[in-house]
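Asker: Let me begin by handing over the structure; questions about it come next.
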Number of protein chains: 2
Amino acid sequence: MGWTTIGSRLAYENPWIRVREDQVLRPDGSAGRYGVVEVRAPAVFVVPISDDDDVVLVSVDRYATGESSLEVPAGGAEESDLQLAAERELCEETGLVARHWRDLGRVQSLNGVAAAAGRVFLARGLREAARTAQPVDHQGIEGIDAVVRVPLDRLPDLLAAGGITDNESLGALLLALTALGRVR
Amino acid sequence: MGWTTIGSRLAYENPWIRVREDQVLRPDGSAGRYGVVEVRAPAVFVVPISDDDDVVLVSVDRYATGESSLEVPAGGAEESDLQLAAERELCEETGLVARHWRDLGRVQSLNGVAAAAGRVFLARGLREAARTAQPVDHQGIEGIDAVVRVPLDRLPDLLAAGGITDNESLGALLLALTALGRVR
């Protein structure tokens, strides 16, 4: 690292993020300050592909941007096992479970400002989860208003039309499409 | 929007970001608080493709994550014209100018926490910029330690090997590869 940390103070925290302000020396030696947003829980991103090659997306009402956004199922990991977290998020957000899981690697979001680590999973062999007696309304709590299936063959048109703007979803989809041999 | 804002306070700000904490009602009606990181300047992301189908990437020493990261040229827009900002960032970070520019649309980063808008551009017809008499060391200030050309044909292997973890770069690359007809 070409950066040096001279000092650090906590600027803000809540259960999900922590913001600190560091006094730094930049790679060129000049002094400055750097506000870093630490996202406490690693995120998991799931690209669920059905047996007939649909990708399953969710429409999320995003408070921070004030927009509804078409995204891959995702969320913060409460579990140390990230695949378990991915399995939980997939089920909570879409009602699906997957037989086959593949770890597509780690990602970082908004790394000019944030330390926000994530892990991407490809999920195949989808089926509906068994219903629980008293389901928790995770979709309502998180602002998910629809589950949308998009045939993979139509995904390029959707992307070209600006139908997916969430960078984490775009990143997860690129890794998944690469793993599926659909990128050349 | 299914969310309602009840109150808001400024929690932290610096020249680049502003963090506010809002009191909210969630889409299911329950009360909570939401820390929102507003990134002040929109970001521009440039996917530069050479005449012989190399994508030009930069290796950036990222303070927030403590890692070196292979990324598309990018930065915060000081200009209201985002293409001008993209042209400036491309030149500052790689020493290149481009003859052909294509706006690939807008993106949002880390939208569970942040309001961080961006715009992606495809840049083609690359050539070296004329040298200025007293160049500013933008690469040193921003922590860029290398410019790397990757043949597009080898990009899938690089992605599969985890060579690019920056979600904004992955998102920009997916939009660019789609525009180039390389995603099916």
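By order of appearance in the structure tokens: chains A, B, ..., then residues from 1 within every chain, and ligands from 1 in the order shown.
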At a cut-off of 10 Å, using only C-alpha atoms, what residues contact A:Arg182? Leave out same-chain residues fewer than 6 positions from it and give the result as a list in words.
Answerer: Leu152, Asp153, Leu174 and Ala176 of chain A; Pro156, Arg182, Val183 and Arg184 of chain B
Asker: If you count only C-alpha atoms, which residues fall within 10 Å of stretch 90-105 of chain B, apart from same-chain ones fewer than 5 positions away, as a compact mmCIF listing (two decimals) with N, CA and C atoms, in the first residue's frame?
Answerer:
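What ended up in around34.txt:
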# COMPACT_ATOMS: atom_id res chain seq x y z
N LEU A 159 -30.25 -5.58 -20.50
CA LEU A 159 -29.08 -4.78 -20.09
C LEU A 159 -28.90 -3.58 -21.01
N ALA A 160 -29.02 -3.80 -22.31
CA ALA A 160 -28.82 -2.71 -23.27
C ALA A 160 -29.87 -1.62 -23.10
N ALA A 161 -31.04 -2.01 -22.60
CA ALA A 161 -32.13 -1.04 -22.40
C ALA A 161 -32.03 -0.34 -21.04
N GLY A 162 -30.97 -0.63 -20.27
CA GLY A 162 -30.83 0.01 -18.97
C GLY A 162 -31.75 -0.57 -17.91
N GLY A 163 -32.17 -1.80 -18.09
CA GLY A 163 -33.12 -2.42 -17.16
C GLY A 163 -32.53 -2.82 -15.82
N ILE A 164 -31.21 -2.91 -15.75
CA ILE A 164 -30.54 -3.24 -14.49
C ILE A 164 -29.46 -2.18 -14.26
N THR A 165 -29.60 -1.41 -13.20
CA THR A 165 -28.64 -0.33 -12.92
C THR A 165 -27.82 -0.60 -11.65
N VAL B 44 -17.98 8.60 -13.09
CA VAL B 44 -17.96 8.16 -14.49
C VAL B 44 -17.02 6.96 -14.59
N PHE B 45 -17.44 5.98 -15.37
CA PHE B 45 -16.67 4.76 -15.59
C PHE B 45 -16.43 4.62 -17.09
N VAL B 46 -15.19 4.43 -17.48
CA VAL B 46 -14.83 4.37 -18.89
C VAL B 46 -14.32 2.97 -19.23
N VAL B 47 -14.91 2.35 -20.24
CA VAL B 47 -14.37 1.09 -20.75
C VAL B 47 -13.67 1.42 -22.07
N PRO B 48 -12.33 1.55 -22.04
CA PRO B 48 -11.59 1.94 -23.24
C PRO B 48 -11.16 0.68 -24.01
N ILE B 49 -11.54 0.63 -25.28
CA ILE B 49 -11.22 -0.53 -26.12
C ILE B 49 -10.32 -0.06 -27.26
N SER B 50 -9.15 -0.67 -27.38
CA SER B 50 -8.21 -0.26 -28.42
C SER B 50 -8.63 -0.83 -29.78
N VAL B 56 -8.37 -1.41 -21.75
CA VAL B 56 -7.31 -0.75 -21.00
C VAL B 56 -7.77 -0.57 -19.55
N LEU B 57 -7.08 -1.21 -18.62
CA LEU B 57 -7.44 -1.15 -17.21
C LEU B 57 -6.33 -0.46 -16.41
N VAL B 58 -6.66 -0.04 -15.21
CA VAL B 58 -5.66 0.55 -14.32
C VAL B 58 -5.62 -0.24 -13.01
N SER B 59 -4.41 -0.34 -12.47
CA SER B 59 -4.24 -0.97 -11.16
C SER B 59 -4.23 0.14 -10.12
N VAL B 60 -5.20 0.09 -9.20
CA VAL B 60 -5.39 1.18 -8.24
C VAL B 60 -5.16 0.67 -6.82
N VAL B 72 -11.54 -0.39 -14.33
CA VAL B 72 -11.68 0.50 -15.48
C VAL B 72 -11.35 1.92 -15.01
N PRO B 73 -10.82 2.77 -15.89
CA PRO B 73 -10.58 4.16 -15.52
C PRO B 73 -11.90 4.80 -15.06
N ALA B 74 -11.85 5.54 -13.96
CA ALA B 74 -13.08 6.08 -13.38
C ALA B 74 -12.75 7.19 -12.41
N GLY B 75 -13.77 7.94 -12.03
CA GLY B 75 -13.56 8.97 -11.03
C GLY B 75 -14.81 9.80 -10.85
N LEU B 82 -21.10 14.79 -18.25
CA LEU B 82 -20.43 13.57 -17.77
C LEU B 82 -19.46 12.99 -18.79
N GLN B 83 -19.74 13.19 -20.08
CA GLN B 83 -18.77 12.68 -21.06
C GLN B 83 -17.44 13.44 -20.97
N LEU B 84 -17.52 14.75 -20.74
CA LEU B 84 -16.28 15.51 -20.55
C LEU B 84 -15.51 14.98 -19.34
N ALA B 85 -16.24 14.65 -18.29
CA ALA B 85 -15.60 14.09 -17.10
C ALA B 85 -14.93 12.75 -17.45
N GLY B 118 -23.69 6.74 -11.01
CA GLY B 118 -22.59 6.70 -11.96
C GLY B 118 -23.11 6.61 -13.38
N ARG B 119 -22.19 6.85 -14.32
CA ARG B 119 -22.51 6.74 -15.74
C ARG B 119 -21.36 5.99 -16.40
N VAL B 120 -21.73 5.07 -17.29
CA VAL B 120 -20.73 4.22 -17.95
C VAL B 120 -20.58 4.65 -19.40
N PHE B 121 -19.33 4.74 -19.85
CA PHE B 121 -19.05 5.09 -21.24
C PHE B 121 -18.14 4.04 -21.88
N LEU B 122 -18.42 3.78 -23.15
CA LEU B 122 -17.54 2.98 -23.98
C LEU B 122 -16.71 3.95 -24.81
N ALA B 123 -15.39 3.77 -24.79
CA ALA B 123 -14.49 4.68 -25.52
C ALA B 123 -13.69 3.87 -26.52
N ARG B 124 -13.77 4.27 -27.80
CA ARG B 124 -13.03 3.57 -28.85
C ARG B 124 -12.25 4.58 -29.68
N GLY B 125 -11.37 4.06 -30.55
CA GLY B 125 -10.53 4.95 -31.34
C GLY B 125 -9.50 5.63 -30.44
N LEU B 126 -8.76 4.82 -29.69
CA LEU B 126 -7.82 5.35 -28.69
C LEU B 126 -6.51 5.79 -29.34
N ARG B 127 -5.95 6.86 -28.81
CA ARG B 127 -4.57 7.22 -29.14
C ARG B 127 -3.96 7.95 -27.95
N GLU B 128 -2.62 8.02 -27.95
CA GLU B 128 -1.91 8.70 -26.87
C GLU B 128 -2.23 10.19 -26.92
N ALA B 129 -2.46 10.79 -25.76
CA ALA B 129 -2.68 12.23 -25.70
C ALA B 129 -1.37 12.96 -25.93
N ALA B 130 -1.49 14.19 -26.44
CA ALA B 130 -0.29 15.04 -26.54
C ALA B 130 0.20 15.33 -25.12
N ARG B 131 1.50 15.38 -24.96
CA ARG B 131 2.06 15.63 -23.62
C ARG B 131 1.93 17.10 -23.27
N PRO B 135 2.94 18.20 -16.52
CA PRO B 135 1.82 17.32 -16.19
C PRO B 135 1.62 17.20 -14.67
N VAL B 136 0.36 17.17 -14.25
CA VAL B 136 0.02 16.89 -12.85
C VAL B 136 0.07 15.37 -12.66
N ASP B 137 0.60 14.94 -11.53
CA ASP B 137 0.72 13.50 -11.29
C ASP B 137 -0.58 12.95 -10.72
N HIS B 138 -1.62 12.87 -11.60
CA HIS B 138 -2.91 12.35 -11.14
C HIS B 138 -2.79 10.89 -10.71
N GLN B 139 -1.95 10.14 -11.42
CA GLN B 139 -1.80 8.72 -11.07
C GLN B 139 -1.26 8.58 -9.65
N GLY B 140 -0.26 9.41 -9.32
CA GLY B 140 0.31 9.34 -7.97
C GLY B 140 -0.68 9.74 -6.90
N GLU B 142 -3.91 9.57 -7.01
CA GLU B 142 -5.02 8.64 -6.88
C GLU B 142 -4.57 7.21 -6.57
N GLY B 143 -3.28 6.96 -6.58
CA GLY B 143 -2.80 5.63 -6.24
C GLY B 143 -2.81 4.65 -7.41
N ILE B 144 -2.71 5.17 -8.62
CA ILE B 144 -2.65 4.28 -9.79
C ILE B 144 -1.21 3.88 -10.03
N ASP B 145 -0.93 2.58 -10.00
CA ASP B 145 0.46 2.16 -10.13
C ASP B 145 0.76 1.44 -11.44
N ALA B 146 -0.24 1.20 -12.27
CA ALA B 146 0.03 0.57 -13.57
C ALA B 146 -1.17 0.72 -14.49
N VAL B 147 -0.89 0.79 -15.78
CA VAL B 147 -1.93 0.71 -16.82
C VAL B 147 -1.74 -0.63 -17.50
N VAL B 148 -2.81 -1.41 -17.59
CA VAL B 148 -2.72 -2.79 -18.05
C VAL B 148 -3.67 -3.01 -19.23
N ALA B 172 -19.47 -2.04 -15.31
CA ALA B 172 -19.17 -1.31 -16.54
C ALA B 172 -18.76 -2.27 -17.65
N LEU B 175 -21.83 -4.02 -19.17
CA LEU B 175 -22.56 -3.16 -20.10
C LEU B 175 -21.77 -2.99 -21.41
N ALA B 176 -20.45 -2.87 -21.31
CA ALA B 176 -19.63 -2.71 -22.51
C ALA B 176 -19.61 -3.98 -23.35
N THR B 178 -21.80 -6.26 -23.44
CA THR B 178 -23.14 -6.39 -24.05
C THR B 178 -23.25 -5.51 -25.28
N ALA B 179 -22.79 -4.26 -25.17
CA ALA B 179 -22.86 -3.34 -26.31
C ALA B 179 -22.00 -3.83 -27.47
Asker: What does the distance from atom CA of A:Arg9 to atom CA of B:Trp16 come to in Å, to one decimal?
Answerer: 17.2 Å
Asker: From the DSSP assignment of the backbone, select every residue of stretch 68-175 of chain B that is strand (DSSP E), and format the answer as a PyMOL selection string.
Answerer: chain B and resi 68-71+74-76+96-108+114-115+117-128+144-151
Asker: Using only C-alpha atoms, find the one residue out of B:Ile141, B:Ala77, B:Leu180, B:Leu158 that sits nearest to chain A.
Answerer: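 Ranking B:Ile141, B:Ala77, B:Leu180, B:Leu158 by distance to chain A, first place goes to B:Ile141.
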Asker: So that I can check the surroundings of A:Leu10, please list as an mmCIF file with N, CA, C and O atoms, in the first residue's frame every protein, DNA and RNA residue that reaches within 8 Å of it, counting only C-alpha atoms and ignoring chain neighbours fewer than 3 positions away.
Answerer:
data_model
loop_
_atom_site.group_PDB
_atom_site.id
_atom_site.type_symbol
_atom_site.label_atom_id
_atom_site.label_comp_id
_atom_site.auth_asym_id
_atom_site.auth_seq_id
_atom_site.Cartn_x
_atom_site.Cartn_y
_atom_site.Cartn_z
ATOM 1 N N GLU A 13 -21.835 5.544 13.478
ATOM 2 C CA GLU A 13 -22.067 4.103 13.344
ATOM 3 C C GLU A 13 -23.512 3.779 13.637
ATOM 4 O O GLU A 13 -24.207 4.477 14.375
ATOM 5 N N ARG A 18 -20.298 1.608 9.695
ATOM 6 C CA ARG A 18 -19.445 2.367 10.597
ATOM 7 C C ARG A 18 -18.659 3.310 9.696
ATOM 8 O O ARG A 18 -18.084 2.875 8.700
ATOM 9 N N VAL A 19 -18.664 4.600 10.007
ATOM 10 C CA VAL A 19 -17.943 5.580 9.202
ATOM 11 C C VAL A 19 -16.813 6.135 10.048
ATOM 12 O O VAL A 19 -17.035 6.611 11.165
ATOM 13 N N ARG A 20 -15.592 6.033 9.535
ATOM 14 C CA ARG A 20 -14.460 6.613 10.256
ATOM 15 C C ARG A 20 -13.785 7.646 9.358
ATOM 16 O O ARG A 20 -13.872 7.584 8.132
ATOM 17 N N GLU A 21 -13.157 8.625 9.998
ATOM 18 C CA GLU A 21 -12.381 9.591 9.228
ATOM 19 C C GLU A 21 -10.924 9.436 9.611
ATOM 20 O O GLU A 21 -10.551 9.599 10.778
#
Asker: With only C-alpha atoms as the counted atoms, please give the residues lying no more than 8 Å from A:Gln108, apart from itself and same-chain residues fewer than 2 positions off, as a PyMOL selection string.
Answerer: (chain A and resi 106+110-111+115-118) or (chain B and resi 165-167)
Asker: Per DSSP on the backbone, what are the helix (DSSP H, G or I) residues of stretch 25-162 of chain A, as a compact mmCIF listing (two decimals) with all heavy atoms, in the first residue's frame?
Answerer:
# COMPACT_ATOMS: atom_id res chain seq x y z
N LEU A 82 -20.67 -18.24 4.24
CA LEU A 82 -21.34 -17.35 3.29
C LEU A 82 -22.32 -18.09 2.37
O LEU A 82 -23.31 -17.51 1.93
CB LEU A 82 -20.31 -16.58 2.47
CG LEU A 82 -19.44 -15.60 3.27
CD1 LEU A 82 -18.51 -14.82 2.35
CD2 LEU A 82 -20.30 -14.64 4.10
N GLN A 83 -22.05 -19.36 2.09
CA GLN A 83 -23.02 -20.08 1.27
C GLN A 83 -24.34 -20.27 2.01
O GLN A 83 -25.42 -20.17 1.42
CB GLN A 83 -22.46 -21.42 0.79
CG GLN A 83 -23.45 -22.10 -0.17
CD GLN A 83 -22.97 -23.43 -0.69
OE1 GLN A 83 -21.80 -23.57 -1.06
NE2 GLN A 83 -23.87 -24.41 -0.72
N LEU A 84 -24.26 -20.53 3.31
CA LEU A 84 -25.49 -20.63 4.10
C LEU A 84 -26.26 -19.32 4.05
O LEU A 84 -27.48 -19.29 3.95
CB LEU A 84 -25.18 -20.99 5.56
CG LEU A 84 -24.80 -22.44 5.85
CD1 LEU A 84 -24.57 -22.63 7.34
CD2 LEU A 84 -25.90 -23.38 5.35
N ALA A 85 -25.52 -18.20 4.13
CA ALA A 85 -26.17 -16.89 4.03
C ALA A 85 -26.84 -16.73 2.67
O ALA A 85 -27.96 -16.21 2.56
CB ALA A 85 -25.14 -15.79 4.27
N ALA A 86 -26.14 -17.17 1.63
CA ALA A 86 -26.70 -17.06 0.28
C ALA A 86 -27.96 -17.92 0.14
O ALA A 86 -28.96 -17.50 -0.46
CB ALA A 86 -25.64 -17.48 -0.75
N GLU A 87 -27.93 -19.10 0.72
CA GLU A 87 -29.10 -19.99 0.68
C GLU A 87 -30.29 -19.32 1.39
O GLU A 87 -31.42 -19.35 0.90
CB GLU A 87 -28.78 -21.34 1.33
CG GLU A 87 -27.77 -22.15 0.52
CD GLU A 87 -27.35 -23.44 1.22
OE1 GLU A 87 -27.92 -23.77 2.28
OE2 GLU A 87 -26.43 -24.12 0.70
N ARG A 88 -30.00 -18.70 2.54
CA ARG A 88 -31.07 -18.02 3.30
C ARG A 88 -31.64 -16.84 2.51
O ARG A 88 -32.86 -16.69 2.39
CB ARG A 88 -30.51 -17.56 4.65
CG ARG A 88 -31.55 -16.80 5.51
CD ARG A 88 -30.96 -16.29 6.81
NE ARG A 88 -29.69 -15.59 6.65
CZ ARG A 88 -29.57 -14.38 6.11
NH1 ARG A 88 -30.64 -13.73 5.67
NH2 ARG A 88 -28.38 -13.81 6.00
N GLU A 89 -30.75 -16.02 1.95
CA GLU A 89 -31.24 -14.86 1.20
C GLU A 89 -32.07 -15.27 -0.01
O GLU A 89 -33.10 -14.68 -0.30
CB GLU A 89 -30.07 -13.98 0.75
CG GLU A 89 -29.40 -13.20 1.88
CD GLU A 89 -30.27 -12.07 2.45
OE1 GLU A 89 -31.25 -11.67 1.79
OE2 GLU A 89 -29.98 -11.62 3.56
N LEU A 90 -31.60 -16.29 -0.73
CA LEU A 90 -32.36 -16.76 -1.89
C LEU A 90 -33.77 -17.17 -1.47
O LEU A 90 -34.76 -16.80 -2.11
CB LEU A 90 -31.64 -17.93 -2.57
CG LEU A 90 -32.40 -18.56 -3.74
CD1 LEU A 90 -32.55 -17.57 -4.89
CD2 LEU A 90 -31.71 -19.84 -4.22
N CYS A 91 -33.84 -17.93 -0.38
CA CYS A 91 -35.14 -18.44 0.07
C CYS A 91 -36.04 -17.32 0.58
O CYS A 91 -37.22 -17.25 0.26
CB CYS A 91 -34.93 -19.51 1.13
SG CYS A 91 -36.45 -20.40 1.53
N GLU A 92 -35.46 -16.40 1.38
CA GLU A 92 -36.27 -15.29 1.92
C GLU A 92 -36.82 -14.40 0.82
O GLU A 92 -37.95 -13.92 0.89
CB GLU A 92 -35.41 -14.42 2.86
CG GLU A 92 -35.10 -15.06 4.20
CD GLU A 92 -34.21 -14.19 5.07
OE1 GLU A 92 -33.85 -13.06 4.65
OE2 GLU A 92 -33.86 -14.64 6.18
N GLU A 93 -35.99 -14.15 -0.20
CA GLU A 93 -36.38 -13.15 -1.20
C GLU A 93 -37.18 -13.73 -2.36
O GLU A 93 -37.91 -13.00 -3.02
CB GLU A 93 -35.13 -12.42 -1.71
CG GLU A 93 -34.40 -11.68 -0.59
CD GLU A 93 -33.39 -10.66 -1.07
OE1 GLU A 93 -33.11 -10.61 -2.28
OE2 GLU A 93 -32.88 -9.93 -0.22
N THR A 94 -37.01 -15.03 -2.64
CA THR A 94 -37.69 -15.62 -3.80
C THR A 94 -38.53 -16.85 -3.47
O THR A 94 -39.29 -17.31 -4.33
CB THR A 94 -36.67 -16.04 -4.89
OG1 THR A 94 -35.93 -17.17 -4.38
CG2 THR A 94 -35.72 -14.91 -5.23
N HIS A 138 -40.15 -11.32 4.99
CA HIS A 138 -38.85 -10.72 4.66
C HIS A 138 -38.98 -9.79 3.47
O HIS A 138 -38.33 -8.77 3.39
CB HIS A 138 -37.82 -11.80 4.38
CG HIS A 138 -37.45 -12.60 5.58
ND1 HIS A 138 -36.64 -12.12 6.56
CD2 HIS A 138 -37.81 -13.84 5.95
CE1 HIS A 138 -36.49 -13.04 7.50
NE2 HIS A 138 -37.19 -14.09 7.15
N GLN A 139 -39.83 -10.16 2.52
CA GLN A 139 -39.99 -9.32 1.33
C GLN A 139 -40.53 -7.95 1.71
O GLN A 139 -40.04 -6.93 1.24
CB GLN A 139 -40.90 -10.00 0.30
CG GLN A 139 -40.26 -11.27 -0.29
CD GLN A 139 -41.10 -11.89 -1.39
OE1 GLN A 139 -42.31 -11.71 -1.41
NE2 GLN A 139 -40.45 -12.62 -2.28
N GLY A 140 -41.51 -7.93 2.61
CA GLY A 140 -42.08 -6.65 3.04
C GLY A 140 -41.08 -5.81 3.81
O GLY A 140 -40.95 -4.61 3.58
N ILE A 141 -40.33 -6.44 4.71
CA ILE A 141 -39.34 -5.72 5.51
C ILE A 141 -38.28 -5.11 4.61
O ILE A 141 -37.86 -3.97 4.81
CB ILE A 141 -38.68 -6.67 6.55
CG1 ILE A 141 -39.72 -7.14 7.56
CG2 ILE A 141 -37.51 -5.98 7.24
CD1 ILE A 141 -39.25 -8.28 8.45
N GLU A 142 -37.85 -5.83 3.60
CA GLU A 142 -36.74 -5.38 2.77
C GLU A 142 -37.20 -4.57 1.56
O GLU A 142 -36.37 -4.05 0.82
CB GLU A 142 -35.91 -6.59 2.32
CG GLU A 142 -35.34 -7.36 3.52
CD GLU A 142 -34.39 -8.47 3.11
OE1 GLU A 142 -33.81 -8.39 2.02
OE2 GLU A 142 -34.23 -9.41 3.91
N LEU A 152 -32.34 -16.08 -19.97
CA LEU A 152 -30.96 -15.61 -20.18
C LEU A 152 -30.76 -15.07 -21.60
O LEU A 152 -30.01 -14.13 -21.80
CB LEU A 152 -29.97 -16.76 -19.93
CG LEU A 152 -29.66 -17.06 -18.46
CD1 LEU A 152 -28.69 -18.23 -18.35
CD2 LEU A 152 -29.10 -15.83 -17.75
N ASP A 153 -31.45 -15.67 -22.57
CA ASP A 153 -31.31 -15.20 -23.95
C ASP A 153 -31.80 -13.76 -24.12
O ASP A 153 -31.41 -13.08 -25.07
CB ASP A 153 -32.11 -16.09 -24.91
CG ASP A 153 -31.47 -17.47 -25.03
OD1 ASP A 153 -30.30 -17.61 -24.65
OD2 ASP A 153 -32.16 -18.40 -25.49
N ARG A 154 -32.67 -13.29 -23.21
CA ARG A 154 -33.19 -11.92 -23.33
C ARG A 154 -32.45 -10.95 -22.41
O ARG A 154 -32.72 -9.74 -22.43
CB ARG A 154 -34.69 -11.90 -23.03
CG ARG A 154 -35.49 -12.45 -24.24
CD ARG A 154 -36.91 -12.81 -23.89
NE ARG A 154 -37.62 -11.73 -23.20
CZ ARG A 154 -38.83 -11.88 -22.67
NH1 ARG A 154 -39.46 -13.05 -22.75
NH2 ARG A 154 -39.42 -10.87 -22.06
N LEU A 155 -31.51 -11.47 -21.61
CA LEU A 155 -30.78 -10.60 -20.68
C LEU A 155 -29.97 -9.51 -21.40
O LEU A 155 -29.98 -8.35 -20.96
CB LEU A 155 -29.89 -11.47 -19.78
CG LEU A 155 -29.28 -10.79 -18.57
CD1 LEU A 155 -30.33 -10.16 -17.66
CD2 LEU A 155 -28.43 -11.79 -17.79
N PRO A 156 -29.28 -9.83 -22.52
CA PRO A 156 -28.54 -8.75 -23.20
C PRO A 156 -29.44 -7.58 -23.61
O PRO A 156 -29.06 -6.41 -23.45
CB PRO A 156 -27.94 -9.45 -24.43
CG PRO A 156 -27.74 -10.87 -23.97
CD PRO A 156 -28.95 -11.15 -23.10
N ASP A 157 -30.65 -7.87 -24.09
CA ASP A 157 -31.56 -6.79 -24.47
C ASP A 157 -31.97 -5.97 -23.24
O ASP A 157 -32.06 -4.74 -23.30
CB ASP A 157 -32.82 -7.34 -25.15
CG ASP A 157 -32.53 -7.78 -26.58
OD1 ASP A 157 -31.47 -7.41 -27.12
OD2 ASP A 157 -33.37 -8.51 -27.15
N LEU A 158 -32.23 -6.68 -22.13
CA LEU A 158 -32.60 -5.98 -20.90
C LEU A 158 -31.47 -5.07 -20.42
O LEU A 158 -31.70 -3.92 -20.01
CB LEU A 158 -32.96 -7.01 -19.81
CG LEU A 158 -33.35 -6.45 -18.45
CD1 LEU A 158 -34.68 -5.70 -18.52
CD2 LEU A 158 -33.43 -7.56 -17.39
N LEU A 159 -30.25 -5.58 -20.50
CA LEU A 159 -29.08 -4.78 -20.09
C LEU A 159 -28.90 -3.58 -21.01
O LEU A 159 -28.65 -2.46 -20.54
CB LEU A 159 -27.82 -5.64 -20.11
CG LEU A 159 -27.75 -6.75 -19.06
CD1 LEU A 159 -26.62 -7.71 -19.37
CD2 LEU A 159 -27.59 -6.16 -17.66
N ALA A 160 -29.02 -3.80 -22.31
CA ALA A 160 -28.82 -2.71 -23.27
C ALA A 160 -29.87 -1.62 -23.10
O ALA A 160 -29.61 -0.44 -23.37
CB ALA A 160 -28.84 -3.26 -24.69
Asker: Counting only C-alpha atoms, which of A:Gln23, A:Thr65, A:Thr5, A:Ser80 gets nearest to chain B?
Answerer: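 The closest residue to chain B is A:Thr65.
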Asker: In Å to one decimal, how far is atom CA of A:Val37 from atom CA of B:Arg33?
Answerer: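 Pair atom CA of B:Arg33 / atom CA of A:Val37 returns 16.9 Å.
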Asker: Between B:Asp52, B:Asp81, B:Glu38, B:Asp28, which one has atoms that come closest to chain A, using only C-alpha atoms?
Answerer: B:Asp28
Asker: Let me make sure I understand: among A:Ser8, A:Asp51, A:Gly32, A:Asn14, which one has the smallest atom-to-atom distance to chain B if we use only C-alpha atoms?
Answerer: A:Asn14
